[in-house]
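Structure file input-v4.tsv (TSV, C-alpha atoms) follows.
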chain	number	residue	atom	x	y	z
A	50	MET	CA	18.27	3.55	23.03
A	51	ASN	CA	15.58	3.42	20.40
A	52	ASP	CA	16.70	1.80	17.14
A	53	ALA	CA	13.35	2.22	15.41
A	54	VAL	CA	13.40	3.40	11.80
A	55	THR	CA	10.57	5.60	10.59
A	56	LEU	CA	9.47	5.89	6.98
A	57	ALA	CA	6.87	8.49	6.02
A	58	PHE	CA	5.42	8.97	2.54
A	59	PRO	CA	2.32	10.32	0.75
A	60	ALA	CA	-0.53	7.81	0.60
A	61	GLN	CA	0.04	6.88	-3.04
A	62	THR	CA	0.36	3.34	-4.37
A	63	GLN	CA	3.69	4.11	-6.04
A	64	ASN	CA	5.17	4.43	-2.56
A	65	VAL	CA	4.29	0.89	-1.51
A	66	ALA	CA	7.55	-0.21	-3.15
A	67	LEU	CA	9.48	2.02	-0.73
A	68	ALA	CA	7.85	0.37	2.24
A	69	ARG	CA	8.59	-3.08	0.82
A	70	ARG	CA	12.21	-2.22	0.29
A	71	VAL	CA	12.75	-0.86	3.80
A	72	THR	CA	10.95	-3.90	5.19
A	73	ALA	CA	13.45	-6.21	3.49
A	74	VAL	CA	16.39	-4.28	4.91
A	75	MET	CA	14.94	-4.24	8.42
A	76	ALA	CA	13.95	-7.92	8.25
A	77	ALA	CA	17.55	-8.74	7.34
A	78	ARG	CA	18.73	-6.76	10.36
A	79	ALA	CA	16.29	-8.75	12.48
A	80	ASP	CA	17.97	-11.90	11.13
A	81	LEU	CA	14.74	-13.30	9.77
A	82	PRO	CA	15.15	-16.32	7.51
A	83	LEU	CA	14.53	-15.54	3.87
A	84	ASP	CA	11.01	-16.96	3.75
A	85	ARG	CA	10.01	-14.83	6.74
A	86	LEU	CA	11.71	-11.77	5.24
A	87	GLU	CA	9.51	-12.29	2.20
A	88	ASP	CA	6.46	-12.77	4.41
A	89	ALA	CA	7.24	-9.47	6.15
A	90	ARG	CA	7.51	-7.77	2.76
A	91	LEU	CA	4.17	-9.18	1.65
A	92	ALA	CA	2.54	-8.22	4.96
A	93	VAL	CA	3.73	-4.63	4.66
A	94	ASP	CA	2.65	-4.61	1.02
A	95	GLU	CA	-0.83	-5.69	2.07
A	96	ALA	CA	-1.09	-3.42	5.13
A	97	VAL	CA	0.19	-0.32	3.35
A	98	SER	CA	-2.02	-0.96	0.31
A	99	GLN	CA	-4.98	-1.30	2.65
A	100	VAL	CA	-4.41	1.97	4.48
A	101	ILE	CA	-3.67	3.83	1.24
A	102	ALA	CA	-6.97	2.63	-0.22
A	103	ASP	CA	-8.78	4.10	2.79
A	104	ALA	CA	-6.72	7.29	3.13
A	105	PRO	CA	-8.10	10.73	2.20
A	106	PRO	CA	-6.28	12.68	-0.53
A	107	GLY	CA	-3.04	14.22	0.64
A	108	ALA	CA	-2.72	11.90	3.62
A	109	GLU	CA	0.60	10.61	4.85
A	110	VAL	CA	1.44	7.02	5.74
A	111	VAL	CA	3.96	6.42	8.50
A	112	CYS	CA	5.70	3.07	8.97
A	113	VAL	CA	7.81	2.44	12.02
A	114	PHE	CA	10.12	-0.57	11.96
A	115	GLU	CA	11.70	-1.92	15.07
A	116	VAL	CA	14.15	-4.78	15.16
A	117	GLN	CA	13.64	-7.13	18.08
A	118	ASP	CA	15.26	-10.37	19.07
A	119	HIS	CA	14.78	-12.45	15.89
A	120	ALA	CA	11.63	-10.54	15.07
A	121	LEU	CA	10.51	-7.40	13.30
A	122	ASP	CA	7.82	-5.10	14.62
A	123	ILE	CA	6.06	-2.87	12.11
A	124	VAL	CA	3.51	-0.18	12.88
A	125	VAL	CA	1.65	1.31	9.93
A	126	THR	CA	-0.32	4.50	10.62
A	127	ALA	CA	-2.48	6.60	8.30
A	128	PRO	CA	-5.58	8.79	8.39
A	129	SER	CA	-8.68	6.78	7.57
A	130	SER	CA	-11.62	8.01	5.49
A	131	SER	CA	-13.93	5.31	6.75
A	132	GLY	CA	-12.86	5.83	10.34
A	133	SER	CA	-13.01	2.10	10.92
A	134	VAL	CA	-10.50	-0.70	11.31
A	135	PRO	CA	-10.04	-3.10	8.36
A	136	PRO	CA	-12.82	-5.68	8.70
A	137	LYS	CA	-11.69	-9.04	10.04
A	138	GLY	CA	-12.81	-12.07	8.13
A	139	THR	CA	-11.90	-10.60	4.75
A	140	PHE	CA	-9.34	-12.24	2.51
A	141	SER	CA	-7.05	-9.29	3.07
A	142	TRP	CA	-7.19	-9.84	6.82
A	143	THR	CA	-6.62	-13.58	6.34
A	144	VAL	CA	-3.51	-12.75	4.32
A	145	LEU	CA	-2.19	-10.37	6.98
A	146	THR	CA	-2.73	-12.79	9.85
A	147	ALA	CA	-1.14	-15.65	7.92
A	148	LEU	CA	1.95	-13.57	7.12
A	149	ALA	CA	2.51	-11.92	10.50
A	150	ASN	CA	2.59	-13.78	13.80
A	151	THR	CA	0.29	-11.19	15.31
A	152	VAL	CA	-1.73	-8.40	13.76
A	153	THR	CA	-3.69	-5.79	15.63
A	154	ALA	CA	-5.75	-2.96	14.21
A	155	ALA	CA	-7.11	0.11	15.94
A	156	VAL	CA	-8.62	3.45	14.99
A	157	ASP	CA	-8.03	6.47	17.12
A	158	GLY	CA	-9.19	9.95	16.20
A	159	GLY	CA	-9.66	9.04	12.53
A	160	VAL	CA	-6.22	7.47	12.31
A	161	VAL	CA	-5.85	3.75	11.64
A	162	VAL	CA	-2.97	1.89	13.26
A	163	LEU	CA	-1.94	-1.58	12.07
A	164	HIS	CA	0.61	-3.36	14.17
A	165	LEU	CA	2.41	-6.35	12.65
A	166	HIS	CA	4.82	-8.64	14.41
A	167	VAL	CA	6.85	-11.00	12.24
A	168	SER	CA	9.19	-13.47	13.90
A	169	ARG	CA	11.55	-16.21	12.71
A	170	ALA	CA	8.95	-18.91	12.35
A	171	ILE	CA	5.28	-18.85	11.47
A	172	SER	CA	2.99	-19.73	14.33
A	173	VAL	CA	1.56	-22.95	12.95
A	174	ASP	CA	3.12	-24.92	10.16
A	175	VAL	CA	0.71	-27.69	9.35
B	70	MET	CA	5.41	10.72	-36.88
B	71	THR	CA	7.31	9.37	-39.80
B	72	ALA	CA	6.95	5.75	-38.90
B	73	GLY	CA	5.35	4.92	-42.23
B	74	GLN	CA	8.22	6.36	-44.23
B	75	SER	CA	10.72	4.27	-42.37
B	76	ALA	CA	9.21	1.03	-43.64
B	77	PRO	CA	11.85	-1.36	-44.88
B	78	ARG	CA	12.68	-1.77	-48.49
B	79	SER	CA	12.14	-5.48	-48.33
B	80	GLY	CA	12.06	-6.47	-51.92
B	81	PRO	CA	10.70	-4.20	-54.61
B	82	PHE	CA	7.61	-2.54	-53.27
B	83	THR	CA	5.96	-2.82	-56.60
B	84	ALA	CA	2.58	-1.69	-57.79
B	85	GLU	CA	1.81	-5.37	-58.17
B	86	ARG	CA	2.45	-6.03	-54.52
B	87	ARG	CA	0.43	-3.00	-53.51
B	88	GLN	CA	-2.43	-4.27	-55.63
B	89	ARG	CA	-2.22	-7.69	-53.98
B	90	GLU	CA	-2.34	-6.06	-50.56
B	91	HIS	CA	-5.34	-4.01	-51.59
B	92	ASP	CA	-7.16	-7.09	-52.91
B	93	LEU	CA	-6.44	-9.07	-49.79
B	94	PHE	CA	-7.83	-6.34	-47.55
B	95	ARG	CA	-10.94	-6.12	-49.65
B	96	GLU	CA	-11.38	-9.85	-49.43
B	97	LEU	CA	-10.80	-9.77	-45.67
B	98	SER	CA	-13.42	-7.14	-45.02
B	99	GLY	CA	-16.04	-9.10	-46.92
B	100	ARG	CA	-15.70	-12.29	-44.92
B	101	SER	CA	-17.19	-13.33	-41.61
B	102	ALA	CA	-15.03	-14.36	-38.69
B	103	ASP	CA	-15.71	-18.09	-39.05
B	104	ASP	CA	-14.95	-18.19	-42.77
B	105	PRO	CA	-11.87	-20.44	-43.24
B	106	ARG	CA	-10.76	-18.39	-46.23
B	107	ARG	CA	-10.64	-15.34	-43.97
B	108	SER	CA	-7.85	-16.74	-41.81
B	109	ALA	CA	-5.84	-17.66	-44.91
B	110	VAL	CA	-6.18	-14.08	-46.19
B	111	ARG	CA	-5.27	-12.72	-42.79
B	112	ASP	CA	-2.21	-14.99	-42.60
B	113	GLU	CA	-1.01	-13.83	-45.98
B	114	LEU	CA	-1.35	-10.20	-44.99
B	115	VAL	CA	0.53	-10.83	-41.75
B	116	THR	CA	3.31	-12.74	-43.53
B	117	MET	CA	3.55	-10.05	-46.17
B	118	HIS	CA	4.27	-7.41	-43.55
B	119	LEU	CA	6.56	-9.37	-41.24
B	120	PRO	CA	9.61	-7.57	-42.69
B	121	LEU	CA	8.12	-4.34	-41.32
B	122	VAL	CA	7.90	-5.91	-37.87
B	123	ARG	CA	11.48	-7.16	-38.12
B	124	HIS	CA	12.67	-3.75	-39.19
B	125	LEU	CA	10.97	-2.03	-36.26
B	126	ALA	CA	12.11	-4.72	-33.82
B	127	HIS	CA	15.72	-4.19	-34.87
B	128	ARG	CA	15.46	-0.54	-33.87
B	129	TYR	CA	14.97	-1.64	-30.28
B	130	HIS	CA	17.42	-4.49	-30.35
B	131	HIS	CA	20.19	-2.64	-28.54
B	132	ARG	CA	18.02	-2.35	-25.45
B	133	GLY	CA	18.84	-5.86	-24.36
B	134	GLU	CA	15.85	-7.84	-25.55
B	135	SER	CA	16.26	-10.57	-28.14
B	136	VAL	CA	15.08	-9.67	-31.63
B	137	ASP	CA	12.97	-12.84	-31.69
B	138	ASP	CA	11.04	-11.71	-28.62
B	139	LEU	CA	10.52	-8.27	-30.07
B	140	VAL	CA	9.38	-9.69	-33.41
B	141	GLN	CA	6.92	-11.88	-31.56
B	142	VAL	CA	5.51	-8.93	-29.63
B	143	GLY	CA	5.51	-6.73	-32.72
B	144	THR	CA	3.62	-9.38	-34.67
B	145	ILE	CA	0.78	-9.08	-32.16
B	146	GLY	CA	0.64	-5.41	-33.11
B	147	LEU	CA	0.68	-6.33	-36.78
B	148	ILE	CA	-2.25	-8.73	-36.38
B	149	LYS	CA	-4.22	-6.05	-34.54
B	150	ALA	CA	-3.46	-3.61	-37.34
B	151	VAL	CA	-4.58	-6.10	-40.01
B	152	ASP	CA	-7.83	-6.66	-38.16
B	153	ARG	CA	-8.54	-2.98	-37.66
B	154	PHE	CA	-7.34	-1.54	-40.96
B	155	ASP	CA	-10.02	0.43	-42.75
B	156	THR	CA	-9.52	0.14	-46.52
B	157	SER	CA	-11.79	3.09	-47.19
B	158	ARG	CA	-9.28	5.44	-45.63
B	159	ASP	CA	-6.68	6.85	-47.93
B	160	VAL	CA	-3.64	5.67	-46.03
B	161	ALA	CA	-1.04	3.00	-46.77
B	162	PHE	CA	-1.30	-0.05	-44.55
B	163	SER	CA	2.35	0.15	-43.49
B	164	SER	CA	1.82	3.75	-42.30
B	165	TYR	CA	-1.18	2.59	-40.34
B	166	ALA	CA	0.45	-0.54	-38.93
B	167	ALA	CA	3.81	0.87	-37.85
B	168	PRO	CA	2.50	2.86	-34.86
B	169	THR	CA	0.47	-0.15	-33.71
B	170	ILE	CA	3.49	-2.45	-33.95
B	171	LEU	CA	5.69	0.09	-32.18
B	172	GLY	CA	2.98	0.48	-29.56
B	173	GLU	CA	3.17	-3.23	-28.72
B	174	ILE	CA	6.96	-3.18	-28.64
B	175	LYS	CA	7.00	-0.13	-26.38
B	176	GLN	CA	4.39	-1.67	-24.11
B	177	HIS	CA	6.63	-4.72	-23.85
B	178	PHE	CA	9.47	-2.46	-22.74
B	179	ARG	CA	7.28	-0.66	-20.24
B	180	ASP	CA	6.32	-4.05	-18.78
B	181	ARG	CA	9.95	-5.02	-18.67
B	182	THR	CA	11.54	-1.71	-17.70
B	183	TRP	CA	12.75	-3.09	-14.44
B	184	ALA	CA	14.22	-6.11	-16.11
B	185	LEU	CA	16.34	-3.93	-18.32
B	186	ARG	CA	17.56	-1.85	-15.43
B	187	VAL	CA	18.86	-4.85	-13.57
B	188	PRO	CA	22.59	-5.12	-14.16
B	189	ARG	CA	23.91	-8.49	-15.28
B	190	ARG	CA	26.03	-8.72	-12.13
B	191	LEU	CA	22.88	-8.63	-10.01
B	192	GLN	CA	21.08	-11.11	-12.20
B	193	GLU	CA	23.97	-13.53	-11.78
B	194	LEU	CA	24.13	-12.91	-8.06
B	195	GLY	CA	20.38	-13.54	-7.93
B	196	ALA	CA	20.89	-16.98	-9.42
B	197	ARG	CA	23.63	-17.72	-6.87
B	198	VAL	CA	21.46	-16.48	-3.99
B	199	SER	CA	18.68	-18.75	-5.16
B	200	ALA	CA	20.93	-21.79	-5.45
B	201	SER	CA	22.59	-21.09	-2.12
B	202	THR	CA	19.21	-20.65	-0.44
B	203	GLY	CA	18.30	-24.15	-1.56
B	204	GLU	CA	21.56	-25.65	-0.30
B	205	LEU	CA	21.47	-23.84	3.04
B	206	THR	CA	17.81	-24.72	3.56
B	207	ARG	CA	18.66	-28.40	3.19
B	208	ALA	CA	21.62	-28.06	5.57
B	209	LEU	CA	19.90	-25.93	8.22
B	210	HIS	CA	16.38	-27.37	7.88
B	211	ARG	CA	15.10	-23.83	7.63
B	212	ALA	CA	15.55	-20.92	5.25
B	213	PRO	CA	18.87	-19.06	5.66
B	214	THR	CA	19.07	-15.45	6.80
B	215	VAL	CA	20.53	-12.69	4.64
B	216	ARG	CA	23.58	-12.73	6.91
B	217	GLU	CA	24.09	-16.46	6.33
B	218	LEU	CA	23.68	-16.08	2.57
B	219	ALA	CA	26.15	-13.20	2.47
B	220	ALA	CA	28.71	-15.29	4.37
B	221	ALA	CA	28.19	-18.32	2.15
B	222	LEU	CA	28.55	-16.31	-1.05
B	223	ASP	CA	31.27	-14.01	0.26
B	224	VAL	CA	29.35	-10.86	-0.65
B	225	SER	CA	27.86	-8.07	1.47
B	226	GLU	CA	24.41	-8.32	3.02
B	227	GLU	CA	23.42	-5.34	0.94
B	228	ASP	CA	24.35	-7.24	-2.22
B	229	VAL	CA	22.15	-10.13	-1.16
B	230	LEU	CA	19.25	-7.74	-0.52
B	231	ASP	CA	19.79	-6.09	-3.90
B	232	ALA	CA	19.78	-9.46	-5.61
B	233	ILE	CA	16.56	-10.46	-3.86
B	234	GLU	CA	14.95	-7.16	-4.80
B	235	ALA	CA	16.10	-7.49	-8.39
B	236	GLY	CA	14.76	-11.03	-8.44
B	237	HIS	CA	11.29	-9.71	-7.70
B	238	ALA	CA	11.59	-7.37	-10.62
B	239	TYR	CA	13.13	-9.30	-13.47
B	240	ALA	CA	12.25	-12.93	-13.08
B	241	THR	CA	8.82	-12.87	-14.70
B	242	ASP	CA	9.99	-15.24	-17.43
B	243	SER	CA	11.04	-18.01	-15.15
B	244	ILE	CA	7.77	-17.67	-13.24
B	245	ASP	CA	5.85	-18.18	-16.45
B	246	ALA	CA	8.01	-21.15	-17.30
B	247	VAL	CA	7.36	-22.68	-13.91
B	248	ALA	CA	3.66	-21.92	-14.14
B	249	ASP	CA	3.44	-23.55	-17.55
B	250	ALA	CA	5.32	-26.61	-16.39
B	251	ASP	CA	3.03	-27.12	-13.46
B	252	ARG	CA	-0.23	-26.12	-14.99
B	253	SER	CA	-0.69	-29.45	-16.70
B	254	ALA	CA	0.30	-31.36	-13.58
B	255	MET	CA	-2.32	-29.57	-11.53
B	256	ALA	CA	-4.95	-29.09	-14.16
B	257	SER	CA	-7.24	-31.54	-12.42
B	258	ARG	CA	-7.66	-29.23	-9.44
B	259	THR	CA	-10.76	-27.13	-9.68
B	260	GLY	CA	-10.05	-24.43	-7.14
B	261	PHE	CA	-11.11	-23.45	-3.68
B	262	GLU	CA	-13.22	-25.93	-1.83
B	263	ASP	CA	-11.26	-25.58	1.35
B	264	PRO	CA	-13.11	-25.20	4.67
B	265	ALA	CA	-10.75	-22.31	5.50
B	266	PHE	CA	-11.90	-20.56	2.34
B	267	GLU	CA	-15.54	-20.86	3.44
B	268	ARG	CA	-14.70	-18.71	6.46
B	269	ILE	CA	-13.66	-15.77	4.30
B	270	ASP	CA	-16.44	-13.17	4.16
B	271	ASP	CA	-15.65	-11.72	0.75
B	272	ARG	CA	-14.98	-15.10	-0.87
B	273	GLU	CA	-17.68	-14.60	-3.51
B	274	SER	CA	-15.99	-11.53	-4.97
B	275	LEU	CA	-12.64	-13.28	-4.58
B	276	ARG	CA	-13.59	-16.51	-6.32
B	277	PRO	CA	-13.71	-15.23	-9.92
B	278	LEU	CA	-10.39	-13.46	-9.38
B	279	LEU	CA	-8.77	-16.61	-8.05
B	280	GLU	CA	-10.06	-18.51	-11.03
B	281	GLN	CA	-8.23	-16.11	-13.32
B	282	LEU	CA	-4.90	-16.76	-11.62
B	283	PRO	CA	-2.51	-19.32	-13.07
B	284	GLU	CA	-3.02	-22.68	-11.38
B	285	LEU	CA	0.33	-22.58	-9.59
B	286	GLY	CA	-0.28	-19.09	-8.19
B	287	ARG	CA	-3.68	-20.16	-6.90
B	288	ARG	CA	-2.26	-23.30	-5.32
B	289	ILE	CA	0.47	-21.32	-3.55
B	290	ILE	CA	-2.09	-18.77	-2.27
B	291	GLU	CA	-4.10	-21.67	-0.91
B	292	LEU	CA	-1.14	-23.36	0.80
B	293	ARG	CA	0.31	-20.19	2.28
B	294	PHE	CA	-2.83	-18.37	3.41
B	295	LEU	CA	-5.37	-21.08	4.05
B	296	HIS	CA	-3.09	-23.89	5.22
B	297	ASN	CA	-0.52	-21.54	6.76
B	298	MET	CA	2.31	-23.54	5.23
B	299	SER	CA	5.69	-21.78	5.16
B	300	GLN	CA	7.14	-20.60	1.85
B	301	THR	CA	9.99	-23.04	2.33
B	302	ARG	CA	7.61	-25.97	2.79
B	303	ILE	CA	5.56	-24.90	-0.23
B	304	ALA	CA	8.74	-24.75	-2.32
B	305	GLU	CA	9.62	-28.32	-1.29
B	306	GLU	CA	6.10	-29.52	-1.88
B	307	LEU	CA	5.91	-28.07	-5.39
B	308	GLY	CA	9.53	-28.64	-6.39
B	309	ILE	CA	10.32	-24.99	-7.10
B	310	SER	CA	12.60	-22.52	-5.35
B	311	GLN	CA	11.47	-20.48	-2.36
B	312	MET	CA	12.27	-17.30	-4.29
B	313	GLN	CA	9.87	-18.43	-6.97
B	314	VAL	CA	7.23	-19.04	-4.31
B	315	SER	CA	7.82	-15.50	-2.99
B	316	ARG	CA	7.49	-13.93	-6.39
B	317	LEU	CA	4.38	-15.87	-7.26
B	318	LEU	CA	2.79	-14.91	-3.95
B	319	ALA	CA	3.61	-11.24	-4.50
B	320	ARG	CA	2.33	-11.28	-8.03
B	321	SER	CA	-0.84	-13.22	-7.26
B	322	LEU	CA	-1.69	-10.97	-4.32
B	323	ALA	CA	-1.15	-7.87	-6.43
B	324	GLU	CA	-3.50	-9.27	-9.08
B	325	LEU	CA	-6.15	-10.17	-6.52
B	326	ARG	CA	-5.86	-6.76	-4.89
B	327	ALA	CA	-6.20	-4.99	-8.23
B	328	GLY	CA	-9.27	-7.09	-9.01
B	329	MET	CA	-10.88	-6.42	-5.64
B	330	THR	CA	-10.33	-2.67	-6.00
B	331	ALA	CA	-11.69	-2.66	-9.53
B	332	GLY	CA	-14.75	-4.68	-8.53

Turn this file's structure into structure tokens for me.
Amino acid sequence: MNDAVTLAFPAQTQNVALARRVTAVMAARADLPLDRLEDARLAVDEAVSQVIADAPPGAEVVCVFEVQDHALDIVVTAPSSSGSVPPKGTFSWTVLTALANTVTAAVDGGVVVLHLHVSRAISVDV
Amino acid sequence: MTAGQSAPRSGPFTAERRQREHDLFRELSGRSADDPRRSAVRDELVTMHLPLVRHLAHRYHHRGESVDDLVQVGTIGLIKAVDRFDTSRDVAFSSYAAPTILGEIKQHFRDRTWALRVPRRLQELGARVSASTGELTRALHRAPTVRELAAALDVSEEDVLDAIEAGHAYATDSIDAVADADRSAMASRTGFEDPAFERIDDRESLRPLLEQLPELGRRIIELRFLHNMSQTRIAEELGISQMQVSRLLARSLAELRAGMTAG
């Protein structure tokens, strides 16, 4: 059985709030502690803002949320004008990788796919 | 627009008073910005028209903001109007100033729209969630889950989520209070000289934006993203609540993102 929840919306900044809200609900279902729930929200905020900034007019953003064992998996997909993955080494990428335990980015046929995995604890807590 | 006609009848609006106003504006326009007499003239004009601000602020009082706050915001509009008023135009100052004052008050409401939509019940629950998060974090040695908070507070998980969401929207005041309290304590810090920061490719466009952030916001960005410290640890370290850390992170990131897009 697939419990994944899919949220689709026009690539407009006003819709980032929707993605944040659903993230909080799904993070609660994944039993993430509050600080990690907030991290997941921020990560989705950042990822969705990124893909919206690079999306052509009229594009649609799709977020798929999947609850795992004490973790939340989020896949953000949207058409990309630049046709390239978000550059690593930027502050934005630093933010994403600090918030999520793993982040992967790929572009396939002009569509960018960001995959975030947020679990109970952050990888390194110095 | 009949804003000018709705000016308060605060004392007899005599010809004498009108003459005084006229003289003051003439004096104001003739003086340079660093003239000490100029600020005295400006102050008198502002004081003279404060009843207008109070009158307009009272109109919006029922919307849940304190009159004092609205008067404060409206006064900013009044000062702008005093500075911009053109005496050569055949229009009464109060008619000119009222829209500017209302503009500031309305802007304040636009900024705070969310705050006003948050029901008191949720605001109170938000405070309980925040307190309970602190207690449970100390007991569990980690942040509680929504499920644990709901059980501790005897409310539904959905209520807890609503309270958290509302907290992001309405708590700007307490963030400012926290930021002010800590700004002095951290004023000696001069910003990002972290080795982790040197690895960021777009750090040069980021640096001026970081410098514009309140000190506390910048410090939290540094601890969370460069030192990979958890929000809970940061909260302990800085002596604020984890919810405050979350809000400051969200707000700081939004500001940085807006700046990066604009640049």

Original post:
Taking into account only C-alpha atoms, which residue in the set B:Thr330, B:Leu191, B:Val215, B:Gly236 is nearest to Met75 (chain A)?
Top reply: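 Ranking B:Thr330, B:Leu191, B:Val215, B:Gly236 by distance to Met75 (chain A), first place goes to B:Val215.
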
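Here the question is which of A:Leu91, A:Leu81, A:Ala102, A:Val116 gets nearest to Ala66 (chain A) using only C-alpha atoms, and that residue is A:Leu91.
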
Quick one: which residues from chain A are at most 9 Å off chain B, using all atoms listed in the file, as a PDB file with C-alpha atoms, in the coordinates of the input?
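Output file iface_2.pdb is given in full below:
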ATOM      1  CA  ARG A  70      12.210  -2.220   0.290  1.00  0.00           C
ATOM      2  CA  ALA A  73      13.450  -6.210   3.490  1.00  0.00           C
ATOM      3  CA  VAL A  74      16.390  -4.280   4.910  1.00  0.00           C
ATOM      4  CA  ALA A  76      13.950  -7.920   8.250  1.00  0.00           C
ATOM      5  CA  ALA A  77      17.550  -8.740   7.340  1.00  0.00           C
ATOM      6  CA  ARG A  78      18.730  -6.760  10.360  1.00  0.00           C
ATOM      7  CA  ASP A  80      17.970 -11.900  11.130  1.00  0.00           C
ATOM      8  CA  LEU A  81      14.740 -13.300   9.770  1.00  0.00           C
ATOM      9  CA  PRO A  82      15.150 -16.320   7.510  1.00  0.00           C
ATOM     10  CA  LEU A  83      14.530 -15.540   3.870  1.00  0.00           C
ATOM     11  CA  ASP A  84      11.010 -16.960   3.750  1.00  0.00           C
ATOM     12  CA  ARG A  85      10.010 -14.830   6.740  1.00  0.00           C
ATOM     13  CA  LEU A  86      11.710 -11.770   5.240  1.00  0.00           C
ATOM     14  CA  GLU A  87       9.510 -12.290   2.200  1.00  0.00           C
ATOM     15  CA  ASP A  88       6.460 -12.770   4.410  1.00  0.00           C
ATOM     16  CA  ARG A  90       7.510  -7.770   2.760  1.00  0.00           C
ATOM     17  CA  LEU A  91       4.170  -9.180   1.650  1.00  0.00           C
ATOM     18  CA  ASP A  94       2.650  -4.610   1.020  1.00  0.00           C
ATOM     19  CA  GLU A  95      -0.830  -5.690   2.070  1.00  0.00           C
ATOM     20  CA  SER A  98      -2.020  -0.960   0.310  1.00  0.00           C
ATOM     21  CA  ALA A 102      -6.970   2.630  -0.220  1.00  0.00           C
ATOM     22  CA  LYS A 137     -11.690  -9.040  10.040  1.00  0.00           C
ATOM     23  CA  GLY A 138     -12.810 -12.070   8.130  1.00  0.00           C
ATOM     24  CA  THR A 139     -11.900 -10.600   4.750  1.00  0.00           C
ATOM     25  CA  PHE A 140      -9.340 -12.240   2.510  1.00  0.00           C
ATOM     26  CA  SER A 141      -7.050  -9.290   3.070  1.00  0.00           C
ATOM     27  CA  THR A 143      -6.620 -13.580   6.340  1.00  0.00           C
ATOM     28  CA  VAL A 144      -3.510 -12.750   4.320  1.00  0.00           C
ATOM     29  CA  LEU A 145      -2.190 -10.370   6.980  1.00  0.00           C
ATOM     30  CA  THR A 146      -2.730 -12.790   9.850  1.00  0.00           C
ATOM     31  CA  ALA A 147      -1.140 -15.650   7.920  1.00  0.00           C
ATOM     32  CA  LEU A 148       1.950 -13.570   7.120  1.00  0.00           C
ATOM     33  CA  ALA A 170       8.950 -18.910  12.350  1.00  0.00           C
ATOM     34  CA  ILE A 171       5.280 -18.850  11.470  1.00  0.00           C
ATOM     35  CA  SER A 172       2.990 -19.730  14.330  1.00  0.00           C
ATOM     36  CA  VAL A 173       1.560 -22.950  12.950  1.00  0.00           C
ATOM     37  CA  ASP A 174       3.120 -24.920  10.160  1.00  0.00           C
ATOM     38  CA  VAL A 175       0.710 -27.690   9.350  1.00  0.00           C
TER      39      VAL A 175
END

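Taking CA of Val113 (chain A) and CA of Val134 (chain A) as the two end points, the separation is 18.6 Å.
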
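The shortest atom-to-atom distance to Ala127 (chain A), with all atoms listed in the file taken into account, belongs to A:Ala155 out of A:Ala155, A:Val71, A:Val54, A:Ala149.
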
Original post:
Pick from A:Ala104, A:Val162, A:Ala154, A:Ala79: nearest to Thr126 (chain A), with only C-alpha atoms counted?
Top reply: A:Val162

Subject >> Best match for closeness to Pro264 (chain B) among B:Val151, B:Glu85, B:Glu291, B:Glu204, counting only C-alpha atoms >> reply: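 Once distances to Pro264 (chain B) are computed over only C-alpha atoms, the minimum belongs to B:Glu291.
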
Original post:
Rounded to one decimal in Å, what is the spacing between CA of Asp52 (chain A) and CA of Glu115 (chain A)?
Top reply: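 Value for the CA of Asp52 (chain A)-CA of Glu115 (chain A) distance: 6.6 Å.
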
Original post:
Counting all atoms listed in the file, which residues come within 7 Å of (2.7, -4.9, 11.4), with the point read in the file's coordinates, and could you list them as a ChimeraX atom specification?
Top reply: /A:93,122-125,152,163-166

May I have the selected residues written with C-alpha atoms, as a CSV table (one decimal), in the coordinates of the input?
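What landed in part-v3.csv:
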chain,number,residue,atom,x,y,z
A,93,VAL,CA,3.7,-4.6,4.7
A,122,ASP,CA,7.8,-5.1,14.6
A,123,ILE,CA,6.1,-2.9,12.1
A,124,VAL,CA,3.5,-0.2,12.9
A,125,VAL,CA,1.6,1.3,9.9
A,152,VAL,CA,-1.7,-8.4,13.8
A,163,LEU,CA,-1.9,-1.6,12.1
A,164,HIS,CA,0.6,-3.4,14.2
A,165,LEU,CA,2.4,-6.4,12.6
A,166,HIS,CA,4.8,-8.6,14.4

**OP:** Please provide the set of residues having any atom within 8 Å of Gly132 (chain A), restricted to all atoms listed in the file, with same-chain residues fewer than 5 positions apart removed, written as number ranges by chain.
**Re:** A: 156, 159-161

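Of note, CA of Ala102 (chain B) and CA of Val140 (chain B) are spaced 25.4 Å apart.
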
Tell me, as a PDB file with C-alpha atoms, in the coordinates of the input, which residues lie within 6 Å of Val167 (chain A), counting all atoms listed in the file; anything in the same chain fewer than 4 positions away does not count.
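out36.pdb was written with the following content:
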ATOM      1  CA  ALA A 120      11.630 -10.540  15.070  1.00  0.00           C
ATOM      2  CA  LEU A 121      10.510  -7.400  13.300  1.00  0.00           C
ATOM      3  CA  ALA A 149       2.510 -11.920  10.500  1.00  0.00           C
ATOM      4  CA  ASN A 150       2.590 -13.780  13.800  1.00  0.00           C
TER       5      ASN A 150
END

Hey, what's within 10 Å of Ala161 (chain B) if we count all atoms listed in the file and toss same-chain stuff fewer than 6 positions away? As a short mmCIF file (atom, residue, chain, number, x, y, z; two decimals) with C-alpha atoms, in the frame of the given file, please?
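The resulting file, around04.cif, is reproduced below:
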data_model
loop_
_atom_site.label_atom_id
_atom_site.label_comp_id
_atom_site.auth_asym_id
_atom_site.auth_seq_id
_atom_site.Cartn_x
_atom_site.Cartn_y
_atom_site.Cartn_z
CA GLY B 73 5.35 4.92 -42.23
CA ARG B 87 0.43 -3.00 -53.51
CA GLU B 90 -2.34 -6.06 -50.56
CA HIS B 91 -5.34 -4.01 -51.59
CA PHE B 154 -7.34 -1.54 -40.96
#
